[in-house]
Each structure stands twice: as structure tokens, then as C-alpha cells.
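Structure below is coords28.txt: compact mmCIF, C-alpha atoms.
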# COMPACT_ATOMS: atom_id res chain seq x y z
CA GLY A 186 50.01 105.71 139.28
CA ALA A 187 47.46 104.43 136.83
CA GLY A 188 45.50 101.35 137.73
CA VAL A 189 44.51 98.38 135.62
CA SER A 190 42.57 99.47 132.56
CA GLN A 191 40.32 97.42 130.34
CA SER A 192 38.72 98.09 126.99
CA PRO A 193 36.11 98.25 125.77
CA SER A 194 34.05 98.95 128.87
CA ASN A 195 30.99 97.51 127.14
CA LYS A 196 30.66 95.24 124.14
CA VAL A 197 27.49 94.05 122.44
CA THR A 198 27.93 91.40 119.78
CA GLU A 199 25.89 88.90 117.85
CA LYS A 200 26.04 85.20 118.49
CA GLY A 201 28.75 83.59 116.40
CA LYS A 202 30.99 86.64 116.17
CA ASP A 203 34.49 86.83 117.62
CA VAL A 204 35.40 89.40 120.27
CA GLU A 205 38.67 90.67 121.68
CA LEU A 206 38.95 92.13 125.16
CA ARG A 207 42.01 94.08 126.19
CA CYS A 208 43.73 94.53 129.54
CA ASP A 209 46.51 96.96 130.41
CA PRO A 210 48.03 95.95 133.74
CA ILE A 211 49.72 98.26 136.19
CA SER A 212 53.20 99.03 134.88
CA GLY A 213 55.78 96.63 136.29
CA HIS A 214 53.27 94.02 137.42
CA THR A 215 54.48 90.61 136.32
CA ALA A 216 51.32 88.62 136.99
CA LEU A 217 48.07 89.10 135.07
CA TYR A 218 44.77 87.31 135.60
CA TRP A 219 41.49 87.02 133.73
CA TYR A 220 38.22 86.21 135.46
CA ARG A 221 34.61 85.94 134.35
CA GLN A 222 31.73 87.15 136.49
CA ARG A 223 28.27 86.15 135.35
CA LEU A 224 25.34 88.18 136.56
CA GLY A 225 24.77 87.62 140.26
CA GLN A 226 27.58 85.13 140.56
CA GLY A 227 31.13 85.02 141.85
CA LEU A 228 34.39 85.29 139.97
CA GLU A 229 35.37 82.38 137.79
CA PHE A 230 39.11 82.02 137.19
CA LEU A 231 40.02 81.81 133.52
CA ILE A 232 43.78 82.18 133.05
CA TYR A 233 46.86 83.78 134.51
CA PHE A 234 50.22 84.85 133.18
CA GLN A 235 53.36 85.16 135.28
CA GLY A 236 56.33 86.76 133.59
CA ASN A 237 57.73 84.54 130.84
CA SER A 238 56.42 81.32 132.36
CA ALA A 239 53.83 79.21 130.61
CA PRO A 240 50.36 80.54 131.46
CA ASP A 241 47.94 78.60 133.62
CA LYS A 242 45.01 78.05 131.25
CA SER A 243 43.17 75.61 133.46
CA GLY A 244 40.14 77.85 133.88
CA LEU A 245 39.35 78.47 130.23
CA PRO A 246 35.87 76.98 129.69
CA SER A 247 36.32 75.85 126.09
CA ASP A 248 38.66 76.04 123.12
CA ARG A 249 36.72 79.08 121.93
CA PHE A 250 38.54 81.03 124.62
CA SER A 251 42.17 82.05 124.31
CA ALA A 252 44.43 84.70 125.74
CA GLU A 253 47.76 86.19 124.86
CA ARG A 254 50.18 88.42 126.67
CA THR A 255 53.21 90.13 125.24
CA GLY A 256 55.98 90.13 127.82
CA GLU A 257 54.79 91.87 130.94
CA SER A 258 52.42 94.25 129.21
CA VAL A 259 49.06 94.15 127.50
CA SER A 260 46.91 91.03 127.40
CA THR A 261 44.10 90.16 125.02
CA LEU A 262 41.32 87.69 125.76
CA THR A 263 39.68 86.37 122.61
CA ILE A 264 36.35 84.60 122.46
CA GLN A 265 35.58 82.96 119.15
CA ARG A 266 32.10 82.14 117.88
CA THR A 267 30.47 83.78 120.88
CA GLN A 268 27.47 82.16 122.52
CA GLN A 269 24.79 83.76 124.67
CA GLU A 270 26.18 82.03 127.75
CA ASP A 271 29.41 83.99 127.25
CA SER A 272 27.56 87.13 128.37
CA ALA A 273 29.27 88.30 131.53
CA VAL A 274 31.67 90.85 132.94
CA TYR A 275 35.26 89.94 132.17
CA LEU A 276 37.66 91.16 134.81
CA CYS A 277 41.40 91.55 134.56
CA ALA A 278 43.76 91.88 137.51
CA SER A 279 47.49 92.26 137.97
CA SER A 280 49.94 91.86 140.82
CA SER A 281 53.56 92.76 141.48
CA VAL A 282 56.55 90.66 142.45
CA ALA A 283 56.79 92.50 145.75
CA SER A 284 53.17 91.80 146.65
CA GLN A 285 52.22 88.81 144.58
CA GLU A 286 49.29 87.89 146.76
CA THR A 287 47.42 91.15 146.26
CA GLN A 288 45.56 91.53 142.99
CA TYR A 289 44.52 94.90 141.59
CA PHE A 290 41.42 94.70 139.45
CA GLY A 291 40.36 96.65 136.42
CA PRO A 292 36.80 97.95 135.93
CA GLY A 293 35.88 95.04 133.69
CA THR A 294 34.40 94.63 130.23
CA ARG A 295 30.68 93.95 130.15
CA LEU A 296 29.99 91.58 127.26
CA LEU A 297 26.49 90.99 125.96
CA VAL A 298 25.96 88.35 123.28
CA LEU A 299 22.62 88.68 121.51
CA ALA B 71 41.31 70.97 144.56
CA GLN B 72 40.85 74.41 146.04
CA SER B 73 37.38 75.60 146.92
CA VAL B 74 35.73 78.40 148.84
CA ALA B 75 32.26 78.50 150.32
CA GLN B 76 30.34 81.58 151.38
CA PRO B 77 27.22 80.06 152.89
CA GLU B 78 25.17 83.26 153.01
CA ASP B 79 23.94 84.98 149.87
CA GLN B 80 23.04 88.06 151.89
CA VAL B 81 23.74 89.41 155.35
CA ASN B 82 21.57 92.13 156.85
CA VAL B 83 22.74 94.19 159.81
CA ALA B 84 21.75 97.46 161.44
CA GLU B 85 24.19 100.35 161.39
CA GLY B 86 26.36 100.35 164.49
CA ASN B 87 25.98 96.63 165.09
CA PRO B 88 28.82 94.15 164.58
CA LEU B 89 28.88 92.25 161.32
CA THR B 90 30.23 88.87 160.28
CA VAL B 91 30.48 87.51 156.76
CA LYS B 92 31.31 83.82 156.73
CA CYS B 93 33.84 81.95 154.62
CA THR B 94 35.14 78.41 154.69
CA TYR B 95 37.77 76.95 152.43
CA SER B 96 39.31 73.70 151.27
CA VAL B 97 42.90 73.30 150.08
CA SER B 98 45.35 70.42 150.13
CA GLY B 99 48.19 72.53 151.53
CA ASN B 100 48.41 75.69 153.59
CA PRO B 101 46.21 78.50 152.33
CA TYR B 102 46.63 82.09 151.39
CA LEU B 103 43.26 83.71 152.17
CA PHE B 104 41.80 86.99 150.97
CA TRP B 105 38.77 89.21 151.19
CA TYR B 106 37.77 91.55 148.39
CA VAL B 107 34.89 94.01 148.23
CA GLN B 108 32.89 95.16 145.23
CA TYR B 109 30.98 98.41 145.69
CA PRO B 110 28.13 99.25 143.30
CA ASN B 111 29.44 100.46 139.94
CA ARG B 112 33.03 100.15 141.12
CA GLY B 113 35.76 97.61 140.61
CA LEU B 114 36.81 94.87 142.97
CA GLN B 115 39.03 96.11 145.79
CA PHE B 116 41.42 94.26 148.05
CA LEU B 117 40.45 94.35 151.75
CA LEU B 118 42.84 92.06 153.60
CA LYS B 119 44.85 88.87 153.40
CA TYR B 120 46.19 86.08 155.59
CA ILE B 121 49.52 84.58 154.59
CA THR B 122 51.13 83.50 157.84
CA GLY B 123 51.56 84.72 161.41
CA ASP B 124 48.78 86.07 163.61
CA ASN B 125 45.43 84.49 163.01
CA LEU B 126 43.67 87.86 163.33
CA VAL B 127 44.30 90.02 160.31
CA LYS B 128 43.35 93.68 160.11
CA GLY B 129 42.55 95.35 156.83
CA SER B 130 41.05 98.39 155.20
CA TYR B 131 38.01 100.35 156.43
CA GLY B 132 38.11 98.79 159.91
CA PHE B 133 37.56 95.24 158.71
CA GLU B 134 39.33 92.24 160.19
CA ALA B 135 39.27 88.51 159.63
CA GLU B 136 40.22 85.54 161.74
CA PHE B 137 41.96 82.51 160.31
CA ASN B 138 40.82 79.33 162.03
CA LYS B 139 42.76 76.33 160.78
CA SER B 140 40.80 73.69 162.66
CA GLN B 141 37.51 74.98 161.29
CA THR B 142 39.01 75.93 157.89
CA SER B 143 37.32 79.28 158.17
CA PHE B 144 38.23 82.89 157.48
CA HIS B 145 35.24 84.96 158.58
CA LEU B 146 35.20 88.69 157.90
CA LYS B 147 34.22 90.93 160.80
CA LYS B 148 33.72 94.54 161.73
CA PRO B 149 32.82 95.77 165.23
CA SER B 150 30.45 98.52 164.07
CA ALA B 151 28.83 98.47 160.63
CA LEU B 152 28.32 101.56 158.49
CA VAL B 153 25.70 102.06 155.79
CA SER B 154 28.60 102.67 153.41
CA ASP B 155 29.81 99.10 154.04
CA SER B 156 26.89 97.84 151.97
CA ALA B 157 28.53 95.97 149.09
CA LEU B 158 29.34 92.54 147.69
CA TYR B 159 32.10 90.70 149.54
CA PHE B 160 34.22 87.91 148.11
CA CYS B 161 36.40 85.46 149.96
CA ALA B 162 39.26 83.90 147.99
CA VAL B 163 41.91 81.22 148.53
CA ARG B 164 45.20 80.21 146.99
CA ASP B 165 46.86 76.87 147.73
CA MET B 166 50.47 77.47 148.84
CA ARG B 167 51.37 73.83 148.22
CA THR B 168 50.86 74.13 144.49
CA GLY B 169 52.94 77.29 144.47
CA GLY B 170 50.92 78.83 141.69
CA PHE B 171 48.96 82.01 141.42
CA LYS B 172 45.58 80.47 140.73
CA THR B 173 43.08 82.08 143.07
CA ILE B 174 39.62 80.67 143.66
CA PHE B 175 36.85 83.07 144.67
CA GLY B 176 33.66 82.33 146.54
CA ALA B 177 30.27 83.18 145.10
CA GLY B 178 30.06 86.37 147.14
CA THR B 179 27.93 87.62 150.00
CA ARG B 180 25.89 90.77 149.69
CA LEU B 181 26.06 92.87 152.84
CA PHE B 182 23.19 95.23 153.47
CA VAL B 183 23.57 97.71 156.32
CA LYS B 184 20.39 99.48 157.32
CA ALA B 185 20.44 102.93 158.88
Could I get this structure in the form of C-alpha cells?
Amino acid sequence: GAGVSQSPSNKVTEKGKDVELRCDPISGHTALYWYRQRLGQGLEFLIYFQGNSAPDKSGLPSDRFSAERTGESVSTLTIQRTQQEDSAVYLCASSSVASQETQYFGPGTRLLVL
Amino acid sequence: AQSVAQPEDQVNVAEGNPLTVKCTYSVSGNPYLFWYVQYPNRGLQFLLKYITGDNLVKGSYGFEAEFNKSQTSFHLKKPSALVSDSALYFCAVRDMRTGGFKTIFGAGTRLFVKA
């Protein structure tokens, strides 16, 4: 079946603008994760959603970052008033109930803030 | 708090030689441990995981990893490296005691296999 998809694949924006990044998880996957990967660095956990439970937002770096998920479907990561340090690849992953430990990653959205 | 350390930024090995990519972790409870690989211009892919049971875990593409509780390590190994194994490798850990899904990734180790 289809894997995790993310859009847009690339986004260039000006400092101070808001951006929305979208993630479509694998159908039926209850858990969804967002990570940030700065150039040459590892993955930084941002947030995860598990079913209807309250999301774990402990990785969000500031109140400019927020994420929503409708049920067990699409998620949107919003960055308000973007800063140059927000430039990174934003990765989304999902996992199933049957194999909760294994995350399937999307191709990422490459964000460049000028 | 959970943490993962990958002490080597880069590992260089000749094709056909064995390879090891090191990982150590810190959790307050028992760990779930993972290795992921990121090939150039491709997404992150799952390689293998340790949850419980045998300390030696076998995964995709001939890779294996050994869980060592006393040394809090989970080194990735392969008996004979291929040029196509050249990629960025990430170790990751989840703390079973907290019961959550939060996964912490290491900074990554770039493996370069020379023909």
C-alpha cells in the first residue's frame, strides 16, 4: 500500500511568515510522529499523536510550533512567524497498533526560511 | 531522561570487511532500541529493533545488532560491507518504563564503504 506522504516536498518562505506542513500517514496507523532534522544533524523529536489520546508535545521547541491531527488521519504542523533557525527537513512517521515500535517515515518537507 | 550517543560521526571501511557502528544509550527503565538508515535522497528506513529476548537481533540487508545491558550499548554490525551500505545510520531508543511512544534518535553516523 501507499507509504507516508508529506507535502509540500519543498517550501521556501520569508522570515516572519507562517507555514503549514502536511502529513498523510499510512492508512490505519494510529500513531503519528513529527521530527525535525537540521542540516548534518540527527532527528529531533517534536510531537506524537496516538489515537484519541492527548498528544505528547514535549519536543516542540517554542510556542510558535503547533500540530493538529484529525482522528487517525492527516496531521498538520504549523510554524508561526518563521525564523531562519527553523530551516530544516521536517519528517513525519507513523506506526500501527500491531507493530507500534516500528516507524515508517515519509520523504520529509524541506523548509528554507530566508 | 532518555538519550542516545553515537560517538563516531563517520566510519570508513573497505568493501568486504566487517563493519561496526557504535551506539550507547541511557534510559531509566528497560529500553526499546532501533537502528534506522537514511540513504542519499531517500527517506529514513527501519533496519532492526530490540524489544526483548535474544540479545543478538538480525535485520534487513544482512545487518545485525547486539544488545549489551551491562555496557548499555546496541552496536550495529555486518560481517561483510558493501559499497551500497554507504549511508547515514541512526540509533534510537524508547524508554519502556514511561510507556510512551517518544523515541529519541542519535545524531547519526555516516558509513562510507570504499570499493
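CA of Arg223 (chain A) lies 7.1 Å from CA of Ser272 (chain A).
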Proximity of chain B to chain A: per-residue shortest pair, 8 Å limit, only C-alpha atoms, as JSON lines:
{"residue": "B:Tyr102", "atom": "CA", "partner": "A:Glu286", "partner_atom": "CA", "distance": 7.9}
{"residue": "B:Arg112", "atom": "CA", "partner": "A:Pro292", "partner_atom": "CA", "distance": 6.8}
{"residue": "B:Gly113", "atom": "CA", "partner": "A:Pro292", "partner_atom": "CA", "distance": 4.8}
{"residue": "B:Leu114", "atom": "CA", "partner": "A:Phe290", "partner_atom": "CA", "distance": 5.8}
{"residue": "B:Gln115", "atom": "CA", "partner": "A:Phe290", "partner_atom": "CA", "distance": 6.9}
{"residue": "B:Phe116", "atom": "CA", "partner": "A:Thr287", "partner_atom": "CA", "distance": 7.0}
{"residue": "B:Lys119", "atom": "CA", "partner": "A:Thr287", "partner_atom": "CA", "distance": 7.9}
{"residue": "B:Phe160", "atom": "CA", "partner": "A:Gly227", "partner_atom": "CA", "distance": 7.6}
{"residue": "B:Phe171", "atom": "CA", "partner": "A:Tyr233", "partner_atom": "CA", "distance": 7.4}
{"residue": "B:Lys172", "atom": "CA", "partner": "A:Tyr233", "partner_atom": "CA", "distance": 7.2}
{"residue": "B:Thr173", "atom": "CA", "partner": "A:Phe230", "partner_atom": "CA", "distance": 7.1}
{"residue": "B:Ile174", "atom": "CA", "partner": "A:Phe230", "partner_atom": "CA", "distance": 6.6}
{"residue": "B:Phe175", "atom": "CA", "partner": "A:Leu228", "partner_atom": "CA", "distance": 5.8}
{"residue": "B:Gly176", "atom": "CA", "partner": "A:Gly227", "partner_atom": "CA", "distance": 6.0}
{"residue": "B:Ala177", "atom": "CA", "partner": "A:Gly227", "partner_atom": "CA", "distance": 3.8}
{"residue": "B:Gly178", "atom": "CA", "partner": "A:Gly227", "partner_atom": "CA", "distance": 5.6}
Show me as a PyMOL selection string the residues that reach within 12 Å of (26.3, 87.4, 152.6), counting all atoms listed in the file and using the file's own coordinates. chain B and resi 75-83+89-93+107+145-147+156-161+176-183
Using only C-alpha atoms, which protein or nucleic acid residues come within 10 Å of Gln269 (chain A)? Drop anything in the same chain fewer than 5 positions from it, and give the result as number ranges by chain. A: 198-201, 296-299
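Going from CA of Arg221 (chain A) to CA of Asp165 (chain B) covers 20.3 Å.
Taking only C-alpha atoms, the non-local environment of Gly129 (chain B) within 6 Å (same-chain residues fewer than 5 positions away omitted) comprises Leu117, Leu118 and Glu134 of chain B.
Neighbouring residues of Phe144 (chain B) at 10 Å or closer, counting only C-alpha atoms and skipping chain neighbours under 5 positions away, are Val91, Lys92, Cys93, Thr94, Tyr95, Leu103, Phe104, Trp105, Lys119, Tyr120, Asn125, Leu126, Val127, Glu134, Ala135, Glu136, Phe137, Asn138, Lys139, Cys161, Ala162 and Val163 of chain B.
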Residues from the last selection, C-alpha atoms, saved as an mmCIF file, in the frame of the given file:
data_model
loop_
_atom_site.group_PDB
_atom_site.id
_atom_site.type_symbol
_atom_site.label_atom_id
_atom_site.label_comp_id
_atom_site.auth_asym_id
_atom_site.auth_seq_id
_atom_site.Cartn_x
_atom_site.Cartn_y
_atom_site.Cartn_z
ATOM 1 C CA VAL B 91 30.480 87.510 156.760
ATOM 2 C CA LYS B 92 31.310 83.820 156.730
ATOM 3 C CA CYS B 93 33.840 81.950 154.620
ATOM 4 C CA THR B 94 35.140 78.410 154.690
ATOM 5 C CA TYR B 95 37.770 76.950 152.430
ATOM 6 C CA LEU B 103 43.260 83.710 152.170
ATOM 7 C CA PHE B 104 41.800 86.990 150.970
ATOM 8 C CA TRP B 105 38.770 89.210 151.190
ATOM 9 C CA LYS B 119 44.850 88.870 153.400
ATOM 10 C CA TYR B 120 46.190 86.080 155.590
ATOM 11 C CA ASN B 125 45.430 84.490 163.010
ATOM 12 C CA LEU B 126 43.670 87.860 163.330
ATOM 13 C CA VAL B 127 44.300 90.020 160.310
ATOM 14 C CA GLU B 134 39.330 92.240 160.190
ATOM 15 C CA ALA B 135 39.270 88.510 159.630
ATOM 16 C CA GLU B 136 40.220 85.540 161.740
ATOM 17 C CA PHE B 137 41.960 82.510 160.310
ATOM 18 C CA ASN B 138 40.820 79.330 162.030
ATOM 19 C CA LYS B 139 42.760 76.330 160.780
ATOM 20 C CA CYS B 161 36.400 85.460 149.960
ATOM 21 C CA ALA B 162 39.260 83.900 147.990
ATOM 22 C CA VAL B 163 41.910 81.220 148.530
#
Identify the residues around (44.9, 87.1, 127.1) within a radius of 7 Å, measuring from all atoms listed in the file in the coordinates stated by the file, and give them as a compact mmCIF listing (two decimals) with C-alpha atoms, in the frame of the given file.
# COMPACT_ATOMS: atom_id res chain seq x y z
CA SER A 251 42.17 82.05 124.31
CA ALA A 252 44.43 84.70 125.74
CA GLU A 253 47.76 86.19 124.86
CA ARG A 254 50.18 88.42 126.67
CA SER A 260 46.91 91.03 127.40
CA THR A 261 44.10 90.16 125.02
CA LEU A 262 41.32 87.69 125.76
CA THR A 263 39.68 86.37 122.61
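Nearest residue to Trp219 (chain A) among A:Thr267, A:Ser284, A:Asn195, A:Ser279 is A:Ser279, counting all atoms listed in the file.
Put simply, CA of Ser238 (chain A) is 17.9 Å away from CA of Met166 (chain B).
Each of A:Glu270, A:Arg249, A:Gln191, A:Asn237 was checked against Leu206 (chain A) using only C-alpha atoms; the smallest atom-to-atom distance is that of A:Gln191.
With only C-alpha atoms as the atoms that count, the minimum distance from Pro210 (chain A) to the choices A:Leu224, A:Ile264, A:Cys277, A:Ala239 is reached by A:Cys277.
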